[in-house]
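Next comes model.txt, with compact mmCIF, C-alpha atoms (C1' of nucleotides).
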# COMPACT_ATOMS: atom_id res chain seq x y z
CA MET T 1 25.16 3.52 31.31
CA GLN T 2 22.80 6.42 31.43
CA ASN T 3 24.59 8.21 28.63
CA MET T 4 23.95 5.41 26.20
CA ASN T 5 20.19 5.68 26.48
CA GLN T 6 20.39 9.38 25.85
CA GLN T 7 22.59 8.85 22.83
CA ALA T 8 20.30 6.17 21.47
CA GLU T 9 17.30 8.45 21.81
CA ILE T 10 18.98 11.37 20.09
CA PHE T 11 20.18 9.04 17.39
CA THR T 12 16.68 7.67 16.80
CA ASN T 13 15.26 11.18 16.63
CA LEU T 14 17.93 12.11 14.13
CA ILE T 15 17.06 9.16 11.90
CA LEU T 16 13.35 9.94 11.95
CA GLU T 17 14.11 13.55 11.10
CA LEU T 18 16.26 12.41 8.20
CA PHE T 19 13.36 10.37 6.80
CA ARG T 20 10.99 13.32 7.05
CA LEU T 21 13.45 15.72 5.49
CA ASN T 22 14.09 13.27 2.69
CA GLY T 23 10.41 13.18 1.91
CA VAL T 24 10.12 16.95 1.86
CA LEU T 25 13.16 17.32 -0.38
CA LEU T 26 11.82 14.82 -2.89
CA ALA T 27 8.55 16.73 -3.01
CA VAL T 28 10.42 20.00 -3.53
CA GLY T 29 12.49 18.46 -6.32
CA ASP T 30 9.40 17.25 -8.11
CA ARG T 31 7.77 20.65 -7.76
CA LEU T 32 10.80 22.47 -9.14
CA THR T 33 11.27 20.10 -12.08
CA GLY T 34 7.66 19.18 -12.84
CA PRO T 35 6.82 22.22 -15.01
CA ALA T 36 9.80 21.32 -17.24
CA GLY T 37 8.48 17.79 -17.80
CA LEU T 38 11.08 16.32 -15.45
CA SER T 39 11.18 14.82 -11.95
CA SER T 40 13.79 14.52 -9.21
CA ALA T 41 15.08 11.24 -10.64
CA ARG T 42 15.13 12.44 -14.25
CA TRP T 43 16.81 15.67 -13.24
CA GLN T 44 19.60 13.85 -11.47
CA VAL T 45 20.24 11.58 -14.45
CA LEU T 46 20.29 14.52 -16.88
CA GLY T 47 22.66 16.28 -14.49
CA VAL T 48 25.18 13.53 -15.14
CA VAL T 49 24.57 13.25 -18.89
CA GLU T 50 25.04 17.00 -19.03
CA HIS T 51 28.77 16.57 -18.55
CA GLY T 52 29.12 14.52 -21.72
CA PRO T 53 27.93 11.38 -23.55
CA ILE T 54 27.78 8.49 -21.12
CA SER T 55 26.31 5.00 -20.86
CA VAL T 56 23.48 3.89 -18.58
CA ALA T 57 25.76 1.64 -16.53
CA HIS T 58 28.26 4.43 -16.02
CA VAL T 59 25.57 6.82 -14.83
CA ALA T 60 24.36 4.16 -12.40
CA ARG T 61 27.80 3.84 -10.88
CA THR T 62 28.17 7.59 -10.67
CA MET T 63 24.87 8.02 -8.90
CA GLY T 64 25.14 5.00 -6.64
CA LEU T 65 22.01 3.42 -8.15
CA THR T 66 21.50 0.15 -9.94
CA ARG T 67 21.89 -0.27 -13.68
CA GLN T 68 18.26 -1.24 -14.01
CA THR T 69 16.91 1.78 -12.18
CA VAL T 70 18.84 4.21 -14.34
CA ARG T 71 17.84 2.24 -17.42
CA GLN T 72 14.18 2.70 -16.53
CA THR T 73 14.63 6.44 -16.03
CA ALA T 74 16.60 6.69 -19.27
CA GLU T 75 13.80 4.88 -21.10
CA GLY T 76 11.39 7.58 -20.02
CA LEU T 77 13.81 10.36 -20.90
CA PHE T 78 14.26 8.91 -24.38
CA LYS T 79 10.56 8.36 -24.91
CA ASP T 80 9.93 12.01 -24.02
CA GLY T 81 12.74 13.30 -26.20
CA PHE T 82 15.17 14.46 -23.51
CA ILE T 83 18.01 12.19 -24.61
CA VAL T 84 19.18 10.37 -27.74
CA TYR T 85 21.48 7.37 -28.01
CA ALA T 86 24.78 7.67 -29.85
CA ASP T 87 26.95 4.77 -30.93
CA ASN T 88 29.71 3.88 -28.51
CA PRO T 89 33.03 3.35 -30.31
CA HIS T 90 34.23 1.22 -27.39
CA HIS T 91 31.19 -1.01 -26.98
CA ARG T 92 28.63 -2.09 -29.55
CA ARG T 93 25.70 -2.71 -27.15
CA SER T 94 26.37 0.03 -24.62
CA ARG T 95 25.30 3.17 -26.43
CA LEU T 96 25.93 6.66 -25.03
CA MET T 97 23.19 8.98 -23.83
CA GLU T 98 23.25 12.57 -25.06
CA LEU T 99 21.15 15.59 -24.21
CA THR T 100 18.69 16.97 -26.75
CA PRO T 101 18.03 20.71 -27.07
CA LYS T 102 14.79 20.06 -25.22
CA ALA T 103 16.77 18.69 -22.27
CA ARG T 104 19.17 21.64 -22.42
CA ALA T 105 16.28 24.06 -22.13
CA ALA T 106 14.68 22.07 -19.32
CA LEU T 107 17.93 21.93 -17.35
CA ASP T 108 18.46 25.68 -17.71
CA TYR T 109 14.94 26.35 -16.53
CA VAL T 110 15.25 24.05 -13.53
CA ALA T 111 18.67 25.42 -12.59
CA GLN T 112 17.25 28.91 -12.43
CA ARG T 113 14.32 27.79 -10.29
CA GLN T 114 16.53 25.73 -8.02
CA ALA T 115 18.95 28.60 -7.41
CA GLN T 116 16.07 30.88 -6.56
CA TRP T 117 14.64 28.32 -4.16
CA ALA T 118 17.99 27.58 -2.51
CA SER T 119 18.69 31.25 -1.94
CA ALA T 120 15.36 31.80 -0.28
CA VAL T 121 15.68 28.76 1.95
CA VAL T 122 19.29 29.22 2.94
CA ALA T 123 18.69 32.84 3.94
CA ASN T 124 17.22 31.55 7.18
CA HIS T 125 20.29 29.51 8.15
CA ASP T 126 23.90 30.31 8.86
CA LEU T 127 26.79 28.88 6.97
CA ALA T 128 28.52 27.37 9.97
CA SER T 129 25.55 25.27 11.07
CA LEU T 130 24.91 23.91 7.58
CA ASN T 131 28.55 23.05 7.12
CA GLU T 132 28.81 21.39 10.48
CA THR T 133 25.66 19.42 9.80
CA PHE T 134 27.04 18.26 6.49
CA ASN T 135 30.24 17.12 8.17
CA THR T 136 28.42 15.20 10.86
CA LEU T 137 26.16 13.47 8.34
CA TYR T 138 29.10 12.61 6.15
CA GLN T 139 30.99 11.10 9.07
CA LEU T 140 27.87 9.27 10.17
CA ARG T 141 27.48 7.73 6.75
CA GLN T 142 31.11 6.65 6.76
CA THR T 143 30.54 4.95 10.10
CA LEU T 144 27.40 3.25 8.85
CA GLU T 145 28.96 2.01 5.63
CA THR T 146 32.00 0.70 7.43
CA TYR T 147 29.82 -1.03 9.99
CA GLU T 148 27.65 -2.57 7.27
CA GLU T 149 30.64 -3.89 5.38
CA THR T 150 31.99 -5.42 8.56
CA ASN T 151 28.81 -6.95 9.96
CA ALA T 152 26.53 -7.53 7.01
CA ASP T 153 27.66 -11.13 6.55
CA GLU T 154 26.95 -12.26 10.10
CA THR T 155 23.19 -12.00 9.90
CA GLN T 156 22.17 -11.37 6.32
CA SER T 157 23.77 -14.35 4.59
CA SER T 158 20.67 -15.89 3.03
CA GLU T 159 22.71 -18.04 0.68
CA SER T 160 21.61 -21.21 2.40
CA ASP T 161 17.97 -20.36 1.71
CA GLY T 162 17.86 -20.98 -1.98
CA MET E 1 26.97 38.42 -3.03
CA GLN E 2 29.92 36.12 -2.79
CA ASN E 3 28.57 34.51 0.35
CA MET E 4 25.43 33.35 -1.42
CA ASN E 5 27.29 31.10 -3.83
CA GLN E 6 29.16 29.52 -0.99
CA GLN E 7 25.95 28.94 0.92
CA ALA E 8 24.25 27.48 -2.13
CA GLU E 9 27.09 25.05 -2.66
CA ILE E 10 27.15 23.89 0.94
CA PHE E 11 23.39 23.55 0.82
CA THR E 12 23.52 21.41 -2.32
CA ASN E 13 26.17 19.19 -0.78
CA LEU E 14 24.05 18.82 2.30
CA ILE E 15 21.04 17.73 0.25
CA LEU E 16 23.03 15.15 -1.70
CA GLU E 17 24.44 13.81 1.56
CA LEU E 18 20.93 13.53 2.95
CA PHE E 19 19.84 11.43 -0.03
CA ARG E 20 22.81 9.10 0.34
CA LEU E 21 22.32 8.73 4.08
CA ASN E 22 18.65 8.02 3.57
CA GLY E 23 19.51 5.20 1.22
CA VAL E 24 21.99 3.70 3.64
CA LEU E 25 19.54 3.91 6.55
CA LEU E 26 16.81 2.17 4.58
CA ALA E 27 19.23 -0.61 3.72
CA VAL E 28 20.24 -0.93 7.38
CA GLY E 29 16.61 -1.01 8.44
CA ASP E 30 15.82 -3.79 6.01
CA ARG E 31 18.84 -5.76 7.15
CA LEU E 32 17.92 -5.43 10.83
CA THR E 33 14.27 -6.32 10.30
CA GLY E 34 14.55 -8.83 7.45
CA PRO E 35 15.32 -11.91 9.55
CA ALA E 36 12.13 -11.23 11.55
CA GLY E 37 10.02 -11.22 8.40
CA LEU E 38 9.67 -7.44 8.48
CA SER E 39 11.01 -4.45 6.55
CA SER E 40 11.69 -0.80 7.35
CA ALA E 41 8.18 0.19 6.35
CA ARG E 42 6.49 -2.66 8.24
CA TRP E 43 8.61 -2.04 11.31
CA GLN E 44 7.60 1.61 11.44
CA VAL E 45 3.91 0.76 11.16
CA LEU E 46 4.14 -1.90 13.87
CA GLY E 47 6.00 0.63 16.00
CA VAL E 48 2.86 2.75 16.02
CA VAL E 49 0.39 -0.11 16.46
CA GLU E 50 2.54 -1.24 19.38
CA HIS E 51 1.17 1.63 21.47
CA GLY E 52 -2.39 0.39 21.20
CA PRO E 53 -5.18 -0.54 18.76
CA ILE E 54 -5.34 2.07 16.02
CA SER E 55 -6.87 2.54 12.57
CA VAL E 56 -5.00 2.68 9.28
CA ALA E 57 -5.90 6.33 8.70
CA HIS E 58 -4.71 7.29 12.16
CA VAL E 59 -1.36 5.57 11.64
CA ALA E 60 -0.98 7.40 8.34
CA ARG E 61 -1.47 10.74 10.03
CA THR E 62 0.96 9.80 12.78
CA MET E 63 3.66 8.76 10.34
CA GLY E 64 3.12 11.55 7.84
CA LEU E 65 2.26 9.09 5.06
CA THR E 66 -0.86 8.70 2.97
CA ARG E 67 -3.75 6.52 4.00
CA GLN E 68 -3.28 4.32 0.96
CA THR E 69 0.39 3.67 1.59
CA VAL E 70 -0.21 2.55 5.15
CA ARG E 71 -3.18 0.50 4.02
CA GLN E 72 -0.96 -1.42 1.60
CA THR E 73 1.64 -2.08 4.29
CA ALA E 74 -1.11 -3.15 6.71
CA GLU E 75 -2.46 -5.54 4.11
CA GLY E 76 0.89 -7.28 3.98
CA LEU E 77 1.18 -7.32 7.75
CA PHE E 78 -2.26 -8.92 8.04
CA LYS E 79 -1.57 -11.44 5.31
CA ASP E 80 1.59 -12.53 7.12
CA GLY E 81 -0.09 -12.68 10.51
CA PHE E 82 1.55 -9.70 12.20
CA ILE E 83 -1.69 -7.86 12.87
CA VAL E 84 -5.38 -8.61 13.30
CA TYR E 85 -8.35 -6.29 12.91
CA ALA E 86 -10.59 -5.56 15.86
CA ASP E 87 -14.00 -3.91 15.67
CA ASN E 88 -13.99 -0.19 16.26
CA PRO E 89 -16.77 0.86 18.63
CA HIS E 90 -16.67 4.37 17.18
CA HIS E 91 -16.65 3.47 13.48
CA ARG E 92 -18.11 0.44 11.72
CA ARG E 93 -15.79 0.46 8.67
CA SER E 94 -12.60 1.70 10.27
CA ARG E 95 -11.38 -1.29 12.20
CA LEU E 96 -8.47 -1.16 14.62
CA MET E 97 -5.15 -2.89 13.99
CA GLU E 98 -3.70 -4.96 16.82
CA LEU E 99 -0.41 -6.79 17.23
CA THR E 100 -0.32 -10.57 17.19
CA PRO E 101 2.10 -12.55 19.39
CA LYS E 102 4.13 -13.10 16.24
CA ALA E 103 4.49 -9.34 15.83
CA ARG E 104 5.37 -8.95 19.50
CA ALA E 105 8.19 -11.44 19.13
CA ALA E 106 9.41 -9.83 15.93
CA LEU E 107 9.43 -6.36 17.48
CA ASP E 108 11.35 -7.58 20.50
CA TYR E 109 13.88 -9.26 18.27
CA VAL E 110 14.32 -6.18 16.08
CA ALA E 111 14.52 -3.84 19.09
CA GLN E 112 17.37 -5.86 20.48
CA ARG E 113 19.22 -5.86 17.17
CA GLN E 114 18.55 -2.16 16.63
CA ALA E 115 19.84 -1.20 20.07
CA GLN E 116 22.97 -3.21 19.47
CA TRP E 117 23.51 -1.55 16.11
CA ALA E 118 22.79 1.95 17.43
CA SER E 119 25.23 1.52 20.29
CA ALA E 120 28.00 0.43 17.97
CA VAL E 121 27.38 3.23 15.51
CA VAL E 122 26.89 6.01 18.01
CA ALA E 123 30.07 5.11 19.85
CA ASN E 124 32.00 6.90 17.11
CA HIS E 125 30.11 10.17 17.52
CA ASP E 126 29.63 12.66 20.30
CA LEU E 127 26.29 13.61 21.74
CA ALA E 128 26.66 17.33 21.08
CA SER E 129 27.25 16.96 17.35
CA LEU E 130 24.34 14.58 16.88
CA ASN E 131 22.03 16.82 18.84
CA GLU E 132 23.12 19.93 16.99
CA THR E 133 22.68 18.15 13.67
CA PHE E 134 19.19 17.11 14.66
CA ASN E 135 18.33 20.69 15.56
CA THR E 136 19.66 22.08 12.29
CA LEU E 137 17.77 19.48 10.24
CA TYR E 138 14.60 20.13 12.17
CA GLN E 139 14.86 23.87 11.60
CA LEU E 140 15.69 23.29 7.96
CA ARG E 141 12.59 21.19 7.52
CA GLN E 142 10.49 23.86 9.19
CA THR E 143 11.89 26.42 6.74
CA LEU E 144 11.22 24.13 3.78
CA GLU E 145 7.68 23.32 4.80
CA THR E 146 6.86 26.95 5.44
CA TYR E 147 8.36 27.94 2.10
CA GLU E 148 6.42 25.21 0.30
CA GLU E 149 3.15 26.27 1.88
CA THR E 150 3.80 29.86 0.89
CA ASN E 151 5.04 29.34 -2.67
CA ALA E 152 3.59 26.06 -3.83
CA ASP E 153 0.60 27.70 -5.52
CA GLU E 154 2.56 30.18 -7.61
CA THR E 155 4.21 27.65 -9.87
CA GLN E 156 2.59 24.27 -9.36
CA SER E 157 -0.97 25.12 -10.38
CA SER E 158 -1.20 22.86 -13.40
CA GLU E 159 -4.96 23.20 -13.56
CA SER E 160 -4.81 25.04 -16.85
CA ASP E 161 -2.89 22.18 -18.45
CA GLY E 162 -5.66 19.64 -18.67
C1' DT W 1 -34.98 14.32 9.89
C1' DT W 2 -32.64 15.28 6.07
C1' DT W 3 -28.90 16.98 3.72
C1' DA W 4 -23.94 18.44 2.97
C1' DG W 5 -19.34 17.71 4.01
C1' DA W 6 -15.46 15.12 5.87
C1' DT W 7 -13.41 10.65 6.82
C1' DT W 8 -12.46 6.02 5.72
C1' DG W 9 -11.36 1.70 3.27
C1' DA W 10 -11.01 -0.23 -1.22
C1' DC W 11 -9.37 -0.34 -5.84
C1' DA W 12 -6.66 1.22 -9.95
C1' DG W 13 -2.78 3.26 -11.72
C1' DT W 14 1.99 5.58 -11.56
C1' DA W 15 6.97 6.61 -10.12
C1' DA W 16 11.27 5.21 -8.48
C1' DC W 17 13.84 2.22 -6.28
C1' DC W 18 15.26 -2.85 -5.74
C1' DT W 19 16.63 -8.13 -7.12
C1' DG W 20 16.99 -12.00 -10.34
C1' DT W 21 17.75 -13.87 -14.83
C1' DC W 22 19.17 -14.02 -19.58
C1' DA W 23 21.75 -13.34 -23.95
C1' DT W 24 25.20 -10.54 -25.91
C1' DA W 25 29.55 -8.20 -25.94
C1' DA W 26 34.06 -7.04 -24.11
C1' DT W 27 38.12 -8.53 -21.64
C1' DA W 28 41.58 -11.43 -19.22
C1' DG W 29 43.90 -15.71 -18.77
C1' DT W 30 45.71 -19.81 -20.75
C1' DA U 1 42.79 -19.01 -30.70
C1' DC U 2 40.04 -20.51 -27.14
C1' DT U 3 37.85 -20.22 -22.75
C1' DA U 4 36.29 -18.15 -18.42
C1' DT U 5 35.03 -14.04 -16.38
C1' DT U 6 33.05 -9.62 -16.35
C1' DA U 7 30.08 -5.90 -18.08
C1' DT U 8 25.98 -4.55 -20.28
C1' DG U 9 21.20 -4.02 -21.80
C1' DA U 10 16.76 -6.11 -21.65
C1' DC U 11 12.99 -8.18 -19.36
C1' DA U 12 10.17 -9.83 -15.36
C1' DG U 13 8.69 -9.08 -10.90
C1' DG U 14 8.55 -7.03 -6.11
C1' DT U 15 8.45 -3.00 -2.54
C1' DT U 16 7.21 1.45 -1.02
C1' DA U 17 5.75 5.65 -1.86
C1' DC U 18 2.28 8.66 -4.45
C1' DT U 19 -2.50 10.35 -6.76
C1' DG U 20 -7.27 9.74 -8.20
C1' DT U 21 -11.74 7.79 -7.67
C1' DC U 22 -15.61 5.46 -5.49
C1' DA U 23 -19.02 3.92 -2.07
C1' DA U 24 -19.82 3.57 2.75
C1' DT U 25 -19.84 5.84 7.04
C1' DC U 26 -19.66 9.31 10.40
C1' DT U 27 -20.58 14.20 11.77
C1' DA U 28 -22.40 18.72 11.62
C1' DA U 29 -25.69 21.97 9.92
C1' DA U 30 -30.15 23.31 8.48
Entire entry expressed as C-alpha cells:
Amino acid sequence: MQNMNQQAEIFTNLILELFRLNGVLLAVGDRLTGPAGLSSARWQVLGVVEHGPISVAHVARTMGLTRQTVRQTAEGLFKDGFIVYADNPHHRRSRLMELTPKARAALDYVAQRQAQWASAVVANHDLASLNETFNTLYQLRQTLETYEETNADETQSSESDG
Amino acid sequence: MQNMNQQAEIFTNLILELFRLNGVLLAVGDRLTGPAGLSSARWQVLGVVEHGPISVAHVARTMGLTRQTVRQTAEGLFKDGFIVYADNPHHRRSRLMELTPKARAALDYVAQRQAQWASAVVANHDLASLNETFNTLYQLRQTLETYEETNADETQSSESDG
DNA sequence: TTTAGATTGACAGTAACCTGTCATAATAGT
DNA sequence: ACTATTATGACAGGTTACTGTCAATCTAAA
C-alpha cells in the first residue's frame, strides 16, 4: 500500500508540528501573563476560579489535570496573594478557592493583552482554515482517545511488575 | 468588527484543542516507548542520533530544545546503556553520541509499534484533511514566531525590575 | 601570538506536569 | 449504626522542559 506510507509520513509531520506549536504557544502564554505575575498554568487555573468559588479537585477535573498538579499551582497562587481559601459548607477539608482583587486586576490585564495578541495573529489567517483545522484536530483527538481506551491494556498492563 | 470576535473565539478553541492533543500525544508516545525502556523525550533524541554520531549541542539545535535539556536526556540514555560517547576529532570536549545495540533494538521495536498505531489511527482520517491541517498549523507557527520576534522586546524587557 | 568572542559541557535551580502513598472526610451499602 | 468505598488534601519523588552561571575549548581578529 503506497498510500499508507504517504499517510504515515504526513501524520508524523503533523505530530512534530503540533509539538513545536505547543512549545511556541506556551512561550507566548508566559510572555503575555508574566508582567502580571502569572504564568500559563496559573492563568488557566485562575480562569476557572474566575467563574466562582471552587475546590482544587474540581478545577483539576475541569482542566483535565491531576489533583496534585493543580494543588501545586494553587499553592503558588495563594502564596502570592492571587487566591484565598473559603470554607466549604459541603466538605470540611476541601476548601474553596476565591479570587483576590489582585487576581481580578491581573486577569483583566492579561485578557486585554491576549485579545490584542490574538487579533494581530489571526489577521493573517482566514476563518475557514482555522475552523477546519480545529475540527480535524478535535476528530483526531477523539480517534486517539478511543484507540487508547481500547488498546491501552494490551501492552501497558504493568500490574504484574510490582 | 463582528468578524473579529468570531475569529478570536475560533482561535482560542483551536489553542485549547492543541494543548489537549499535545497531552494525549505525549501519553501515547510514552505508552509506545515505555516497554522498550524509553520515553517520548528519549525516543526523539535517539531518533536524531540514529542518523549518525552527533554532539549534544547539535541535537539540541536540531530538535529546537536547549542544550541543557538534551544533555539531561542524554545522561539518562547513557546511564541506561542506550548511547555511548565517542571522541570528536573536531572538538576535545564535545564528544559524539552513538547508538548501542540495545538502542538499535529498542528503536526497531518502537518503530514497529508506532507504525502499527499510526496505521490504525490514520485509517479514520483522510489524507487531504491531515495535510491541510499540517499546512495551517505550520503557517500559524510562522505567524506566531514572526510576531514574537517583532514584539517580544516591547513588553518583556524586565531588565528594569531587578 | 595573543586576545576577544562564541560554543560547549557541567552544575544549580525553577516550573509544570506526572505517580504513589497516606490520613482524613464524605458517602453508599448493609 | 457500622463498614467499605470513594474523594480529598498533603507530602514525597520523578520527568521534561526552562534559565543562569562557570570553566574549558574552539575560532576569528588584531
Which residues of chain E are close to chain U, meaning at most 10 Å apart when you count only C-alpha atoms (C1' of nucleotides), and how do they look as a compact mmCIF listing (two decimals) with C-alpha atoms, keeping the file's coordinate frame?
# COMPACT_ATOMS: atom_id res chain seq x y z
CA SER E 39 11.01 -4.45 6.55
CA SER E 40 11.69 -0.80 7.35
CA ALA E 41 8.18 0.19 6.35
CA LEU E 65 2.26 9.09 5.06
CA THR E 66 -0.86 8.70 2.97
CA GLN E 68 -3.28 4.32 0.96
CA THR E 69 0.39 3.67 1.59
CA VAL E 70 -0.21 2.55 5.15
CA GLN E 72 -0.96 -1.42 1.60
CA THR E 73 1.64 -2.08 4.29
CA HIS E 90 -16.67 4.37 17.18
CA HIS E 91 -16.65 3.47 13.48
CA ARG E 92 -18.11 0.44 11.72
CA ARG E 93 -15.79 0.46 8.67
CA SER E 94 -12.60 1.70 10.27
For this session: Write out as a count of residues only every residue belonging to chain T that has an atom at most 6 Å from any atom of chain E, counting all atoms listed in the file.
Result: 5
Box for range 7-18 of chain U: with edges along x, y and z, all listed atoms inside and 5 Å added on each side, what are the centre and edge lengths in Å to one decimal, as JSON?
{"center_x": 16.2, "center_y": -0.6, "center_z": -11.4, "size_x": 37.8, "size_y": 28.5, "size_z": 30.8}
Seminar exercise, completed: What separates CA of Trp43 in chain T and CA of Leu107 in chain T is a distance of 7.6 Å
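When C1' of DT21 in chain W is paired with CA of Asp80 in chain E, their separation reads 27.3 Å.
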Problem set entry | Met97 in chain E environment, 9 Å, all atoms listed in the file, sequence neighbours closer than 6 positions dropped, as a ChimeraX atom specification | /E:49,52-56,74,78,83-86
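Between CA of Gln44 in chain E and C1' of DA15 in chain W lies a distance of 22.1 Å.
Interface residues on chain W toward chain T (cut-off 12 Å, all atoms listed in the file): DA15, DA16, DC17, DC18, DT19, DG20, DA23, DT24, DA25, DA26 and DT27 of chain W.
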Would you write out those residues with C-alpha atoms (C1' of nucleotides), as a short mmCIF file (atom, residue, chain, number, x, y, z; two decimals), in the frame of the given file?
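File written: selection.cif
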data_model
loop_
_atom_site.label_atom_id
_atom_site.label_comp_id
_atom_site.auth_asym_id
_atom_site.auth_seq_id
_atom_site.Cartn_x
_atom_site.Cartn_y
_atom_site.Cartn_z
"C1'" DA W 15 6.97 6.61 -10.12
"C1'" DA W 16 11.27 5.21 -8.48
"C1'" DC W 17 13.84 2.22 -6.28
"C1'" DC W 18 15.26 -2.85 -5.74
"C1'" DT W 19 16.63 -8.13 -7.12
"C1'" DG W 20 16.99 -12.00 -10.34
"C1'" DA W 23 21.75 -13.34 -23.95
"C1'" DT W 24 25.20 -10.54 -25.91
"C1'" DA W 25 29.55 -8.20 -25.94
"C1'" DA W 26 34.06 -7.04 -24.11
"C1'" DT W 27 38.12 -8.53 -21.64
#
Taking the structure I provided as the source, export range 18-29 of chain T with N, CA, C and O atoms, as an mmCIF file, in the first residue's frame.
data_model
loop_
_atom_site.group_PDB
_atom_site.id
_atom_site.type_symbol
_atom_site.label_atom_id
_atom_site.label_comp_id
_atom_site.auth_asym_id
_atom_site.auth_seq_id
_atom_site.Cartn_x
_atom_site.Cartn_y
_atom_site.Cartn_z
ATOM 1 N N LEU T 18 2.747 19.787 15.746
ATOM 2 C CA LEU T 18 1.955 20.018 16.956
ATOM 3 C C LEU T 18 2.857 20.276 18.157
ATOM 4 O O LEU T 18 2.597 21.176 18.958
ATOM 5 N N PHE T 19 3.920 19.490 18.291
ATOM 6 C CA PHE T 19 4.855 19.668 19.401
ATOM 7 C C PHE T 19 5.502 21.050 19.347
ATOM 8 O O PHE T 19 5.611 21.749 20.355
ATOM 9 N N ARG T 20 5.919 21.447 18.149
ATOM 10 C CA ARG T 20 6.581 22.750 18.016
ATOM 11 C C ARG T 20 5.613 23.875 18.352
ATOM 12 O O ARG T 20 5.955 24.812 19.086
ATOM 13 N N LEU T 21 4.410 23.768 17.814
ATOM 14 C CA LEU T 21 3.415 24.809 18.045
ATOM 15 C C LEU T 21 3.070 24.902 19.528
ATOM 16 O O LEU T 21 2.900 25.999 20.080
ATOM 17 N N ASN T 22 2.997 23.751 20.166
ATOM 18 C CA ASN T 22 2.718 23.726 21.597
ATOM 19 C C ASN T 22 3.786 24.504 22.371
ATOM 20 O O ASN T 22 3.464 25.305 23.255
ATOM 21 N N GLY T 23 5.018 24.277 21.999
ATOM 22 C CA GLY T 23 6.108 24.992 22.654
ATOM 23 C C GLY T 23 6.016 26.493 22.461
ATOM 24 O O GLY T 23 6.190 27.269 23.415
ATOM 25 N N VAL T 24 5.717 26.907 21.248
ATOM 26 C CA VAL T 24 5.608 28.337 20.954
ATOM 27 C C VAL T 24 4.454 28.952 21.733
ATOM 28 O O VAL T 24 4.577 30.044 22.315
ATOM 29 N N LEU T 25 3.326 28.253 21.784
ATOM 30 C CA LEU T 25 2.152 28.782 22.478
ATOM 31 C C LEU T 25 2.395 28.923 23.979
ATOM 32 O O LEU T 25 1.946 29.891 24.600
ATOM 33 N N LEU T 26 3.116 27.977 24.559
ATOM 34 C CA LEU T 26 3.432 28.079 25.978
ATOM 35 C C LEU T 26 4.313 29.299 26.235
ATOM 36 O O LEU T 26 4.109 30.032 27.207
ATOM 37 N N ALA T 27 5.255 29.518 25.337
ATOM 38 C CA ALA T 27 6.147 30.673 25.481
ATOM 39 C C ALA T 27 5.355 31.970 25.363
ATOM 40 O O ALA T 27 5.565 32.912 26.139
ATOM 41 N N VAL T 28 4.428 32.008 24.408
ATOM 42 C CA VAL T 28 3.588 33.196 24.245
ATOM 43 C C VAL T 28 2.766 33.435 25.507
ATOM 44 O O VAL T 28 2.688 34.568 26.010
ATOM 45 N N GLY T 29 2.157 32.373 26.028
ATOM 46 C CA GLY T 29 1.341 32.494 27.236
ATOM 47 C C GLY T 29 2.136 33.060 28.396
ATOM 48 O O GLY T 29 1.660 33.946 29.107
#
